[in-house]
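See structure below.
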Amino acid sequence: MIDKSVILNVNGLDIRKNSIYVVVGKFDSSAPTGYQSYKGGVTKMPSANIAELRGCRSLDIGNGAYIWDTGFYKESPCYKDVHPDVVKSQLESLIDNVINPYEKMVGKGKLSNTNDEFWTNHLVALSLTRMYQIYLTYT
């Protein structure tokens, strides 16, 4: 049976409709012994009240040009080693569950990989125990 609440899988993480995600430390089996027992195998010590700002990855394609690696188009570099059938399925889900509902609210083309103003200025603060809620029920 297919779980219809899953809209896509990113590096083994199922992204589901109407879900809350919390930032936690990532287990590292190669962490030194002290970290294994004291911090549960987390080698980057997450600290409360400290955040990392992250934006969409961009890649230099030469001659001073770059592209935004949004994953919202089939040529997106993040799909470099992904089977075309998986890419097609992921894109269909992203279009139906993310792109179309979001752009219906804020305007067409906002999430385009050529929208430099949006992707340059859109940063997300990642911090320990911060919650992110995924609402994908727009109509």
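Residue numbers start at 1 in each chain; chains themselves are named A, B, ... in the order of the structure tokens; ligands are numbered from 1 in the order shown.
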Report as JSON lines the residues of region 63-131 of chain A within 12 Å of region 21-32 of chain A, each with its shortest atom pair and distance in Å (one decimal), using only C-alpha atoms, ordered by chain and increasing residue number.
```
{"residue": "A:Ala125", "atom": "CA", "partner": "A:Val23", "partner_atom": "CA", "distance": 10.6}
{"residue": "A:Leu126", "atom": "CA", "partner": "A:Val23", "partner_atom": "CA", "distance": 7.2}
{"residue": "A:Ser127", "atom": "CA", "partner": "A:Val23", "partner_atom": "CA", "distance": 6.4}
{"residue": "A:Leu128", "atom": "CA", "partner": "A:Val23", "partner_atom": "CA", "distance": 5.3}
{"residue": "A:Thr129", "atom": "CA", "partner": "A:Val23", "partner_atom": "CA", "distance": 5.0}
{"residue": "A:Arg130", "atom": "CA", "partner": "A:Val22", "partner_atom": "CA", "distance": 5.6}
{"residue": "A:Met131", "atom": "CA", "partner": "A:Val22", "partner_atom": "CA", "distance": 4.5}
```
Check chain A with DSSP on the backbone and list each residue it calls alpha helix (DSSP H), as a PDB file with N, CA and C atoms, in the first residue's frame.
```
ATOM      1  N   THR A  33      35.068   7.949  20.570  1.00  0.00           N
ATOM      2  CA  THR A  33      34.417   7.219  21.658  1.00  0.00           C
ATOM      3  C   THR A  33      33.705   8.134  22.644  1.00  0.00           C
ATOM      4  N   GLY A  34      34.337   9.238  23.014  1.00  0.00           N
ATOM      5  CA  GLY A  34      33.717  10.158  23.967  1.00  0.00           C
ATOM      6  C   GLY A  34      32.395  10.705  23.459  1.00  0.00           C
ATOM      7  N   TYR A  35      32.348  10.981  22.173  1.00  0.00           N
ATOM      8  CA  TYR A  35      31.098  11.474  21.590  1.00  0.00           C
ATOM      9  C   TYR A  35      30.060  10.359  21.524  1.00  0.00           C
ATOM     10  N   GLN A  36      30.525   9.136  21.269  1.00  0.00           N
ATOM     11  CA  GLN A  36      29.606   8.005  21.156  1.00  0.00           C
ATOM     12  C   GLN A  36      28.816   7.828  22.451  1.00  0.00           C
ATOM     13  N   SER A  37      29.504   7.937  23.570  1.00  0.00           N
ATOM     14  CA  SER A  37      28.814   7.700  24.834  1.00  0.00           C
ATOM     15  C   SER A  37      28.193   8.967  25.425  1.00  0.00           C
ATOM     16  N   TYR A  38      28.825  10.120  25.216  1.00  0.00           N
ATOM     17  CA  TYR A  38      28.355  11.344  25.856  1.00  0.00           C
ATOM     18  C   TYR A  38      27.263  12.052  25.044  1.00  0.00           C
ATOM     19  N   PRO A  84      15.852   8.399 -13.961  1.00  0.00           N
ATOM     20  CA  PRO A  84      14.856   9.309 -14.548  1.00  0.00           C
ATOM     21  C   PRO A  84      13.416   9.052 -14.089  1.00  0.00           C
ATOM     22  N   ASP A  85      13.045   7.813 -13.835  1.00  0.00           N
ATOM     23  CA  ASP A  85      11.680   7.522 -13.369  1.00  0.00           C
ATOM     24  C   ASP A  85      11.447   8.099 -11.971  1.00  0.00           C
ATOM     25  N   VAL A  86      12.480   8.053 -11.125  1.00  0.00           N
ATOM     26  CA  VAL A  86      12.374   8.606  -9.776  1.00  0.00           C
ATOM     27  C   VAL A  86      12.281  10.132  -9.859  1.00  0.00           C
ATOM     28  N   VAL A  87      13.095  10.733 -10.725  1.00  0.00           N
ATOM     29  CA  VAL A  87      13.060  12.184 -10.916  1.00  0.00           C
ATOM     30  C   VAL A  87      11.669  12.607 -11.368  1.00  0.00           C
ATOM     31  N   LYS A  88      11.114  11.901 -12.336  1.00  0.00           N
ATOM     32  CA  LYS A  88       9.781  12.240 -12.852  1.00  0.00           C
ATOM     33  C   LYS A  88       8.736  12.171 -11.744  1.00  0.00           C
ATOM     34  N   SER A  89       8.780  11.127 -10.945  1.00  0.00           N
ATOM     35  CA  SER A  89       7.829  10.954  -9.846  1.00  0.00           C
ATOM     36  C   SER A  89       7.982  12.064  -8.796  1.00  0.00           C
ATOM     37  N   GLN A  90       9.241  12.359  -8.435  1.00  0.00           N
ATOM     38  CA  GLN A  90       9.502  13.424  -7.450  1.00  0.00           C
ATOM     39  C   GLN A  90       8.987  14.768  -7.963  1.00  0.00           C
ATOM     40  N   LEU A  91       9.266  15.075  -9.223  1.00  0.00           N
ATOM     41  CA  LEU A  91       8.850  16.351  -9.785  1.00  0.00           C
ATOM     42  C   LEU A  91       7.328  16.471  -9.848  1.00  0.00           C
ATOM     43  N   GLU A  92       6.647  15.403 -10.233  1.00  0.00           N
ATOM     44  CA  GLU A  92       5.183  15.436 -10.263  1.00  0.00           C
ATOM     45  C   GLU A  92       4.629  15.751  -8.879  1.00  0.00           C
ATOM     46  N   SER A  93       5.200  15.119  -7.868  1.00  0.00           N
ATOM     47  CA  SER A  93       4.746  15.355  -6.497  1.00  0.00           C
ATOM     48  C   SER A  93       5.070  16.779  -6.045  1.00  0.00           C
ATOM     49  N   LEU A  94       6.265  17.253  -6.362  1.00  0.00           N
ATOM     50  CA  LEU A  94       6.645  18.625  -5.997  1.00  0.00           C
ATOM     51  C   LEU A  94       5.750  19.658  -6.684  1.00  0.00           C
ATOM     52  N   ASN A 100       2.747  24.386  -7.240  1.00  0.00           N
ATOM     53  CA  ASN A 100       1.449  24.966  -7.619  1.00  0.00           C
ATOM     54  C   ASN A 100       0.730  25.629  -6.441  1.00  0.00           C
ATOM     55  N   PRO A 101       0.616  24.971  -5.277  1.00  0.00           N
ATOM     56  CA  PRO A 101      -0.060  25.644  -4.160  1.00  0.00           C
ATOM     57  C   PRO A 101       0.666  26.917  -3.706  1.00  0.00           C
ATOM     58  N   TYR A 102       1.997  26.878  -3.642  1.00  0.00           N
ATOM     59  CA  TYR A 102       2.757  28.043  -3.192  1.00  0.00           C
ATOM     60  C   TYR A 102       2.599  29.193  -4.180  1.00  0.00           C
ATOM     61  N   GLU A 103       2.762  28.890  -5.471  1.00  0.00           N
ATOM     62  CA  GLU A 103       2.673  29.947  -6.469  1.00  0.00           C
ATOM     63  C   GLU A 103       1.248  30.458  -6.640  1.00  0.00           C
ATOM     64  N   LYS A 104       0.264  29.667  -6.269  1.00  0.00           N
ATOM     65  CA  LYS A 104      -1.122  30.150  -6.292  1.00  0.00           C
ATOM     66  C   LYS A 104      -1.298  31.258  -5.249  1.00  0.00           C
ATOM     67  N   MET A 105      -0.560  31.140  -4.136  1.00  0.00           N
ATOM     68  CA  MET A 105      -0.645  32.143  -3.070  1.00  0.00           C
ATOM     69  C   MET A 105       0.208  33.375  -3.349  1.00  0.00           C
ATOM     70  N   VAL A 106       1.407  33.181  -3.928  1.00  0.00           N
ATOM     71  CA  VAL A 106       2.348  34.303  -4.039  1.00  0.00           C
ATOM     72  C   VAL A 106       2.651  34.755  -5.461  1.00  0.00           C
ATOM     73  N   ASP A 116      16.424  34.894  -9.353  1.00  0.00           N
ATOM     74  CA  ASP A 116      17.585  35.210  -8.511  1.00  0.00           C
ATOM     75  C   ASP A 116      17.214  35.995  -7.266  1.00  0.00           C
ATOM     76  N   GLU A 117      16.300  36.946  -7.389  1.00  0.00           N
ATOM     77  CA  GLU A 117      15.929  37.764  -6.235  1.00  0.00           C
ATOM     78  C   GLU A 117      15.385  36.886  -5.098  1.00  0.00           C
ATOM     79  N   PHE A 118      14.504  35.950  -5.439  1.00  0.00           N
ATOM     80  CA  PHE A 118      13.921  35.088  -4.412  1.00  0.00           C
ATOM     81  C   PHE A 118      14.983  34.189  -3.776  1.00  0.00           C
ATOM     82  N   TRP A 119      15.726  33.443  -4.594  1.00  0.00           N
ATOM     83  CA  TRP A 119      16.665  32.455  -4.051  1.00  0.00           C
ATOM     84  C   TRP A 119      17.867  33.096  -3.361  1.00  0.00           C
ATOM     85  N   THR A 120      18.259  34.295  -3.779  1.00  0.00           N
ATOM     86  CA  THR A 120      19.362  34.998  -3.116  1.00  0.00           C
ATOM     87  C   THR A 120      18.951  35.444  -1.714  1.00  0.00           C
ATOM     88  N   ASN A 121      17.700  35.846  -1.567  1.00  0.00           N
ATOM     89  CA  ASN A 121      17.228  36.405  -0.304  1.00  0.00           C
ATOM     90  C   ASN A 121      16.482  35.424   0.587  1.00  0.00           C
TER      91      ASN A 121
END
```
Review point. When DSSP works through the backbone of this structure, what residues of chain A end up as strand (DSSP E), shown as a ChimeraX atom specification?
Key: /A:6-10,13-16,19-22,51-54,58-62,65-68,124-127,131-134
Output the selection as a tab-separated table (two decimals), in the first residue's frame - C-alpha atoms for each residue.
```tsv
chain	number	residue	atom	x	y	z
A	6	VAL	CA	4.59	11.11	1.63
A	7	ILE	CA	5.18	13.73	-1.02
A	8	LEU	CA	8.87	12.97	-1.58
A	9	ASN	CA	11.96	11.37	-0.13
A	10	VAL	CA	15.13	13.37	0.33
A	13	LEU	CA	13.91	11.20	4.79
A	14	ASP	CA	10.22	10.99	3.91
A	15	ILE	CA	8.65	14.44	3.63
A	16	ARG	CA	4.97	14.14	4.55
A	19	SER	CA	3.85	17.18	9.44
A	20	ILE	CA	6.16	18.84	11.94
A	21	TYR	CA	9.92	18.38	11.72
A	22	VAL	CA	12.43	19.14	14.45
A	51	ALA	CA	21.45	28.97	14.24
A	52	GLU	CA	22.93	28.36	10.84
A	53	LEU	CA	21.43	30.26	7.93
A	54	ARG	CA	21.03	28.13	4.83
A	58	SER	CA	23.83	27.33	-6.41
A	59	LEU	CA	26.39	25.89	-8.80
A	60	ASP	CA	28.89	27.75	-10.94
A	61	ILE	CA	28.42	26.68	-14.56
A	62	GLY	CA	31.24	28.83	-15.91
A	65	ALA	CA	26.99	32.14	-14.55
A	66	TYR	CA	25.39	29.91	-11.97
A	67	ILE	CA	22.19	27.92	-11.52
A	68	TRP	CA	19.98	27.38	-8.49
A	124	VAL	CA	16.19	29.46	6.54
A	125	ALA	CA	17.56	29.56	10.10
A	126	LEU	CA	18.39	26.02	11.22
A	127	SER	CA	18.78	25.59	14.95
A	131	MET	CA	10.27	23.05	14.57
A	132	TYR	CA	9.25	23.34	10.95
A	133	GLN	CA	5.66	22.63	10.03
A	134	ILE	CA	4.81	21.45	6.54
```
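When CA of Lys74 (chain A) is paired with CA of Ile95 (chain A), their separation reads 11.5 Å.
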Check your understanding: Distance CA of Pro77 (chain A)-CA of Asn18 (chain A), one decimal place?
Key -> 27.7 Å
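Considering the residues A:Asn49, A:Val82, A:Gly107, A:Asn113 and counting only C-alpha atoms, Thr70 (chain A) has its shortest atom-to-atom contact with A:Asn113.
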Practice item. Just give me the gap between CA of Tyr73 (chain A) and CA of Lys108 (chain A) in Å, one decimal is fine. Key: 14.9 Å
